[in-house]
file start.txt (compact mmCIF, C-alpha atoms)
# COMPACT_ATOMS: atom_id res chain seq x y z
CA MET Y 73 36.53 14.32 -4.68
CA GLY Y 74 33.58 15.30 -2.51
CA GLU Y 75 32.04 12.90 -0.03
CA PHE Y 76 29.36 10.66 -1.55
CA GLN Y 77 26.08 10.72 0.36
CA LEU Y 78 23.26 8.26 -0.14
CA PHE Y 79 19.71 9.54 -0.50
CA ILE Y 80 17.57 6.93 1.25
CA VAL Y 81 13.84 6.43 0.69
CA ASP Y 82 11.80 3.94 2.71
CA SER Y 83 9.30 2.56 0.22
CA GLN Y 84 6.66 1.51 2.73
CA VAL Y 85 5.65 2.79 6.15
CA HIS Y 86 2.30 2.65 7.94
CA ILE Y 87 1.19 5.46 10.24
CA TRP Y 88 -2.07 5.49 12.16
CA ARG Y 89 -4.00 7.07 14.99
CA GLU Y 90 -5.70 5.35 17.90
CA GLU Y 91 -8.98 3.65 17.17
CA THR Y 92 -11.91 5.74 18.41
CA PRO Y 93 -15.71 5.62 17.96
CA ASP Y 94 -15.47 8.29 15.24
CA ARG Y 95 -12.43 6.60 13.68
CA PRO Y 96 -13.22 2.87 13.84
CA TRP Y 97 -11.00 0.15 12.43
CA ILE Y 98 -12.36 -2.63 10.26
CA ALA Y 99 -13.82 -5.68 11.99
CA GLY Y 100 -11.19 -8.10 13.28
CA ALA Y 101 -8.35 -5.62 12.78
CA ARG Y 102 -6.74 -6.04 16.19
CA GLU Y 103 -6.68 -9.81 15.90
CA ARG Y 104 -5.03 -9.61 12.46
CA MET Y 105 -2.52 -7.05 13.70
CA LYS Y 106 -1.50 -9.35 16.55
CA LEU Y 107 -1.25 -12.31 14.17
CA ASN Y 108 0.98 -10.37 11.77
CA GLY Y 109 3.21 -8.92 14.48
CA HIS Y 110 2.09 -5.29 14.20
CA ARG Y 111 2.18 -3.01 17.23
CA LEU Y 112 -1.28 -2.01 18.44
CA GLU Y 113 -0.50 1.44 19.80
CA PRO Y 114 -0.61 4.39 17.38
CA PHE Y 115 2.39 5.12 15.19
CA THR Y 116 2.28 8.83 14.46
CA TYR Y 117 4.02 10.69 11.69
CA GLN Y 118 5.89 12.67 14.34
CA GLU Y 119 7.38 9.45 15.73
CA CYS Y 120 8.06 8.26 12.19
CA ILE Y 121 10.02 11.44 11.42
CA GLU Y 122 12.07 11.02 14.60
CA LEU Y 123 12.98 7.43 13.67
CA MET Y 124 13.75 8.43 10.09
CA ASP Y 125 16.14 11.10 11.35
CA GLN Y 126 17.83 8.62 13.67
CA ALA Y 127 18.28 6.09 10.86
CA GLY Y 128 19.32 8.62 8.21
CA VAL Y 129 16.23 8.06 6.05
CA ASN Y 130 15.51 11.06 3.84
CA ARG Y 131 12.00 10.29 2.68
CA ALA Y 132 9.29 7.66 3.10
CA LEU Y 133 6.21 6.52 1.25
CA ILE Y 134 3.18 6.25 3.49
CA LEU Y 135 0.86 3.32 2.81
CA PRO Y 136 -2.29 3.92 4.89
CA PRO Y 137 -2.81 0.69 6.86
CA SER Y 138 -5.57 -1.72 5.89
CA TRP Y 139 -7.03 -1.78 9.41
CA GLU Y 140 -8.18 1.82 9.00
CA GLY Y 141 -10.24 0.93 5.95
CA ASP Y 142 -9.84 3.13 2.89
CA ARG Y 143 -9.19 6.45 4.61
CA VAL Y 144 -6.13 8.52 3.72
CA ASP Y 145 -6.72 11.69 5.73
CA TYR Y 146 -3.95 11.11 8.26
CA ALA Y 147 -1.43 10.39 5.51
CA ILE Y 148 -2.40 13.61 3.74
CA GLU Y 149 -1.98 15.49 7.03
CA ALA Y 150 1.54 14.07 7.36
CA CYS Y 151 2.42 15.19 3.81
CA GLU Y 152 1.07 18.68 4.44
CA LYS Y 153 3.23 18.92 7.58
CA TYR Y 154 6.36 17.39 6.01
CA PRO Y 155 6.02 17.76 2.21
CA GLN Y 156 9.73 17.09 1.62
CA ARG Y 157 9.75 13.92 3.73
CA PHE Y 158 6.57 12.00 2.87
CA GLY Y 159 4.64 10.77 -0.14
CA ILE Y 160 1.53 8.58 -0.23
CA MET Y 161 0.39 5.47 -2.06
CA ALA Y 162 -3.28 6.00 -1.36
CA ARG Y 163 -6.07 3.52 -0.76
CA VAL Y 164 -9.28 3.54 -2.80
CA PRO Y 165 -12.56 1.67 -2.28
CA GLN Y 166 -11.98 -1.11 -4.78
CA ASN Y 167 -15.61 -2.28 -4.55
CA LYS Y 168 -16.98 1.21 -5.37
CA PRO Y 169 -15.56 2.05 -8.80
CA GLU Y 170 -17.37 5.33 -9.44
CA GLU Y 171 -16.46 6.71 -6.02
CA ALA Y 172 -12.87 5.51 -6.44
CA LYS Y 173 -12.51 7.02 -9.92
CA ALA Y 174 -13.73 10.38 -8.62
CA MET Y 175 -11.20 10.20 -5.78
CA LEU Y 176 -8.37 9.34 -8.15
CA LYS Y 177 -9.22 12.28 -10.40
CA ASP Y 178 -9.41 14.65 -7.41
CA TRP Y 179 -6.04 13.42 -6.12
CA LYS Y 180 -4.25 14.74 -9.19
CA GLY Y 181 -4.25 18.07 -7.33
CA VAL Y 182 -2.72 16.56 -4.17
CA PRO Y 183 1.09 16.73 -4.58
CA GLY Y 184 1.81 14.11 -1.91
CA ILE Y 185 -0.15 11.31 -3.57
CA LYS Y 186 2.16 9.35 -5.88
CA GLY Y 187 -0.09 6.40 -6.71
CA THR Y 188 -2.32 3.80 -5.09
CA ARG Y 189 -2.02 0.71 -2.98
CA LEU Y 190 -4.45 -2.19 -3.37
CA THR Y 191 -4.72 -5.10 -0.94
CA PHE Y 192 -6.10 -8.56 -1.56
CA HIS Y 193 -5.37 -10.24 1.75
CA ARG Y 194 -8.11 -9.17 4.18
CA PRO Y 195 -11.28 -11.29 4.50
CA ILE Y 196 -13.27 -8.42 2.97
CA ASP Y 197 -11.14 -7.99 -0.17
CA ARG Y 198 -9.46 -11.37 -0.48
CA ASN Y 199 -11.34 -12.49 -3.59
CA TRP Y 200 -11.85 -9.15 -5.34
CA MET Y 201 -9.06 -9.84 -7.81
CA ILE Y 202 -10.74 -12.96 -9.18
CA ASP Y 203 -14.47 -12.34 -8.70
CA GLY Y 204 -14.57 -9.27 -10.95
CA THR Y 205 -14.86 -6.65 -8.20
CA ALA Y 206 -11.52 -4.98 -9.02
CA ASP Y 207 -11.64 -5.49 -12.79
CA TRP Y 208 -12.49 -1.82 -13.37
CA TYR Y 209 -9.25 -0.67 -11.78
CA TRP Y 210 -6.57 -2.05 -14.12
CA PRO Y 211 -7.66 -0.39 -17.41
CA PHE Y 212 -8.42 2.86 -15.57
CA ALA Y 213 -4.99 2.92 -13.92
CA ALA Y 214 -3.27 2.05 -17.20
CA GLU Y 215 -5.14 4.81 -19.05
CA HIS Y 216 -4.34 7.45 -16.42
CA GLY Y 217 -0.77 6.36 -15.66
CA ILE Y 218 -1.47 5.51 -12.01
CA LYS Y 219 1.41 3.71 -10.31
CA THR Y 220 0.01 0.82 -8.29
CA MET Y 221 1.35 -1.12 -5.32
CA VAL Y 222 -0.38 -4.44 -4.76
CA HIS Y 223 -0.36 -6.73 -1.74
CA ALA Y 224 -1.73 -10.03 -3.02
CA PRO Y 225 0.50 -12.87 -1.84
CA ILE Y 226 -1.76 -15.66 -3.14
CA TRP Y 227 -2.67 -14.08 -6.47
CA LYS Y 228 0.68 -13.84 -8.27
CA ALA Y 229 -0.41 -15.69 -11.41
CA GLU Y 230 -3.43 -13.40 -11.67
CA LEU Y 231 -1.16 -10.36 -11.29
CA GLY Y 232 1.05 -11.70 -14.05
CA ALA Y 233 -1.96 -12.02 -16.34
CA ILE Y 234 -3.00 -8.43 -15.53
CA ALA Y 235 0.52 -7.20 -16.26
CA GLN Y 236 0.45 -8.97 -19.60
CA ARG Y 237 -2.97 -7.53 -20.46
CA TYR Y 238 -1.93 -3.95 -19.58
CA PRO Y 239 1.77 -3.64 -20.50
CA HIS Y 240 1.94 0.09 -19.71
CA LEU Y 241 0.54 -0.33 -16.20
CA LYS Y 242 3.19 0.16 -13.53
CA ILE Y 243 2.71 -2.52 -10.83
CA ILE Y 244 4.81 -2.87 -7.68
CA ILE Y 245 4.38 -6.18 -5.84
CA ASP Y 246 4.56 -5.48 -2.10
CA HIS Y 247 6.96 -7.50 0.05
CA MET Y 248 8.09 -9.42 -3.05
CA GLY Y 249 4.80 -11.28 -2.70
CA ILE Y 250 5.83 -12.91 0.58
CA MET Y 251 3.05 -14.09 2.88
CA ALA Y 252 2.87 -12.43 6.30
CA ARG Y 253 5.15 -13.84 9.03
CA CYS Y 254 7.24 -15.88 6.57
CA VAL Y 255 10.92 -15.61 7.48
CA ASP Y 256 14.27 -17.21 6.68
CA ASP Y 257 14.00 -20.34 4.53
CA ALA Y 258 10.22 -19.96 4.16
CA ILE Y 259 10.74 -16.82 2.07
CA GLY Y 260 12.25 -18.68 -0.89
CA TYR Y 261 9.02 -20.24 -2.15
CA TRP Y 262 7.16 -16.91 -2.24
CA VAL Y 263 10.00 -15.01 -3.92
CA SER Y 264 10.35 -17.72 -6.59
CA GLU Y 265 6.63 -17.57 -7.25
CA THR Y 266 6.80 -13.77 -7.62
CA ALA Y 267 9.77 -14.04 -9.98
CA THR Y 268 7.82 -16.48 -12.14
CA CYS Y 269 4.92 -14.03 -12.22
CA THR Y 270 7.07 -11.10 -13.32
CA CYS Y 271 8.69 -13.18 -16.04
CA ILE Y 272 5.30 -13.31 -17.76
CA ARG Y 273 5.72 -9.64 -18.67
CA THR Y 274 9.48 -9.59 -19.31
CA SER Y 275 9.23 -12.54 -21.71
CA MET Y 276 6.67 -10.80 -23.94

call {"tool": "encode", "arguments": {"input": "start.txt", "output": "structure tokens"}}
result
Amino acid sequence: MGEFQLFIVDSQVHIWREETPDRPWIAGARERMKLNGHRLEPFTYQECIELMDQAGVNRALILPPSWEGDRVDYAIEACEKYPQRFGIMARVPQNKPEEAKAMLKDWKGVPGIKGTRLTFHRPIDRNWMIDGTADWYWPFAAEHGIKTMVHAPIWKAELGAIAQRYPHLKIIIDHMGIMARCVDDAIGYWVSETATCTCIRTSM
């Protein structure tokens, strides 16, 4: 028998450039990065490839980081440079539905973009899931078959209701719904809550 070799895909990496006047981060980004344990210096796709090679990781999905706003240009650059190593779960401006819909339609011609990633944890977007701001997204994504990663650690019940309303929508709950900086025994509560949320769909 031949030797069995695993094909390993990292489902979530952030890459980013240095903050500059023409590439500003969102307000309060550095403070949130420190709070959540992120490194502040840039993490380039070149460095990411080197670390992937060292660890034996074949491919990785790039999730453009929230501190850079809704831009995806650097992730697209990485995919153009290494099309066999990277894919993207792209960000869209959730509070600008017409602009976002146009972007999503345009991205059908971008091979590296595999779906989207929505966040509901920053001060700016924290309440968009429940105040109606993001309501346009779910039926649009379901209609167009857009795979969606969601980081919304405090909105699991709401995610469950969305999953029930749109049974064909593919939703991936980031980090198993665990709140930032939760480790060890503290993880159990968040995972149990996420499991309860997903059971809403599986019990239909």

call {"tool": "closest_residue", "arguments": {"input": "start.txt", "among": "Y:Ile80, Y:Ile218, Y:Ile148, Y:Ala213", "to": "Asp125 of chain Y", "atoms": "all atoms listed in the file"}}
result
Y:Ile80

call {"tool": "residues_around", "arguments": {"input": "start.txt", "residues": "segment 228-241 of chain Y", "least_positions_apart": "4", "cutoff": "12 Å", "atoms": "all atoms listed in the file", "output": "JSON, numbers by chain"}}
result
{"Y": [187, 190, 192, 199, 200, 201, 202, 203, 204, 206, 207, 208, 209, 210, 211, 212, 213, 214, 215, 216, 217, 218, 219, 220, 221, 222, 223, 224, 245, 246, 248, 249, 250, 251, 262, 263, 264, 265, 266, 267, 268, 269, 270, 271, 272, 273, 274, 275, 276]}

call {"tool": "write_last_selection", "arguments": {"input": "start.txt", "atoms": "C-alpha atoms", "output": "PDB file, in the coordinates of the input"}}
result
ATOM      1  CA  GLY Y 187      -0.090   6.400  -6.710  1.00  0.00           C
ATOM      2  CA  LEU Y 190      -4.450  -2.190  -3.370  1.00  0.00           C
ATOM      3  CA  PHE Y 192      -6.100  -8.560  -1.560  1.00  0.00           C
ATOM      4  CA  ASN Y 199     -11.340 -12.490  -3.590  1.00  0.00           C
ATOM      5  CA  TRP Y 200     -11.850  -9.150  -5.340  1.00  0.00           C
ATOM      6  CA  MET Y 201      -9.060  -9.840  -7.810  1.00  0.00           C
ATOM      7  CA  ILE Y 202     -10.740 -12.960  -9.180  1.00  0.00           C
ATOM      8  CA  ASP Y 203     -14.470 -12.340  -8.700  1.00  0.00           C
ATOM      9  CA  GLY Y 204     -14.570  -9.270 -10.950  1.00  0.00           C
ATOM     10  CA  ALA Y 206     -11.520  -4.980  -9.020  1.00  0.00           C
ATOM     11  CA  ASP Y 207     -11.640  -5.490 -12.790  1.00  0.00           C
ATOM     12  CA  TRP Y 208     -12.490  -1.820 -13.370  1.00  0.00           C
ATOM     13  CA  TYR Y 209      -9.250  -0.670 -11.780  1.00  0.00           C
ATOM     14  CA  TRP Y 210      -6.570  -2.050 -14.120  1.00  0.00           C
ATOM     15  CA  PRO Y 211      -7.660  -0.390 -17.410  1.00  0.00           C
ATOM     16  CA  PHE Y 212      -8.420   2.860 -15.570  1.00  0.00           C
ATOM     17  CA  ALA Y 213      -4.990   2.920 -13.920  1.00  0.00           C
ATOM     18  CA  ALA Y 214      -3.270   2.050 -17.200  1.00  0.00           C
ATOM     19  CA  GLU Y 215      -5.140   4.810 -19.050  1.00  0.00           C
ATOM     20  CA  HIS Y 216      -4.340   7.450 -16.420  1.00  0.00           C
ATOM     21  CA  GLY Y 217      -0.770   6.360 -15.660  1.00  0.00           C
ATOM     22  CA  ILE Y 218      -1.470   5.510 -12.010  1.00  0.00           C
ATOM     23  CA  LYS Y 219       1.410   3.710 -10.310  1.00  0.00           C
ATOM     24  CA  THR Y 220       0.010   0.820  -8.290  1.00  0.00           C
ATOM     25  CA  MET Y 221       1.350  -1.120  -5.320  1.00  0.00           C
ATOM     26  CA  VAL Y 222      -0.380  -4.440  -4.760  1.00  0.00           C
ATOM     27  CA  HIS Y 223      -0.360  -6.730  -1.740  1.00  0.00           C
ATOM     28  CA  ALA Y 224      -1.730 -10.030  -3.020  1.00  0.00           C
ATOM     29  CA  ILE Y 245       4.380  -6.180  -5.840  1.00  0.00           C
ATOM     30  CA  ASP Y 246       4.560  -5.480  -2.100  1.00  0.00           C
ATOM     31  CA  MET Y 248       8.090  -9.420  -3.050  1.00  0.00           C
ATOM     32  CA  GLY Y 249       4.800 -11.280  -2.700  1.00  0.00           C
ATOM     33  CA  ILE Y 250       5.830 -12.910   0.580  1.00  0.00           C
ATOM     34  CA  MET Y 251       3.050 -14.090   2.880  1.00  0.00           C
ATOM     35  CA  TRP Y 262       7.160 -16.910  -2.240  1.00  0.00           C
ATOM     36  CA  VAL Y 263      10.000 -15.010  -3.920  1.00  0.00           C
ATOM     37  CA  SER Y 264      10.350 -17.720  -6.590  1.00  0.00           C
ATOM     38  CA  GLU Y 265       6.630 -17.570  -7.250  1.00  0.00           C
ATOM     39  CA  THR Y 266       6.800 -13.770  -7.620  1.00  0.00           C
ATOM     40  CA  ALA Y 267       9.770 -14.040  -9.980  1.00  0.00           C
ATOM     41  CA  THR Y 268       7.820 -16.480 -12.140  1.00  0.00           C
ATOM     42  CA  CYS Y 269       4.920 -14.030 -12.220  1.00  0.00           C
ATOM     43  CA  THR Y 270       7.070 -11.100 -13.320  1.00  0.00           C
ATOM     44  CA  CYS Y 271       8.690 -13.180 -16.040  1.00  0.00           C
ATOM     45  CA  ILE Y 272       5.300 -13.310 -17.760  1.00  0.00           C
ATOM     46  CA  ARG Y 273       5.720  -9.640 -18.670  1.00  0.00           C
ATOM     47  CA  THR Y 274       9.480  -9.590 -19.310  1.00  0.00           C
ATOM     48  CA  SER Y 275       9.230 -12.540 -21.710  1.00  0.00           C
ATOM     49  CA  MET Y 276       6.670 -10.800 -23.940  1.00  0.00           C
TER      50      MET Y 276
END

call {"tool": "residues_around", "arguments": {"input": "start.txt", "residues": "segment 173-186 of chain Y", "least_positions_apart": "2", "cutoff": "6 Å", "atoms": "only C-alpha atoms", "output": "PyMOL selection string"}}
result
chain Y and resi 151+159-161+169-171

call {"tool": "axis_aligned_box", "arguments": {"input": "start.txt", "around": "segment 187-200 of chain Y", "padding_each_side": "5 Å", "output": "JSON"}}
result
{"center_x": -6.7, "center_y": -3.0, "center_z": -1.1, "size_x": 23.2, "size_y": 28.9, "size_z": 21.2}

call {"tool": "atom_distance", "arguments": {"input": "start.txt", "atom1": "atom CA of Gly141 of chain Y", "atom2": "atom CA of Ile259 of chain Y"}}
result
27.8 Å

call {"tool": "residues_around", "arguments": {"input": "start.txt", "residues": "Val81 of chain Y", "least_positions_apart": "4", "cutoff": "10 Å", "atoms": "all atoms listed in the file", "output": "JSON, numbers by chain"}}
result
{"Y": [124, 128, 129, 130, 131, 132, 133, 157, 158]}
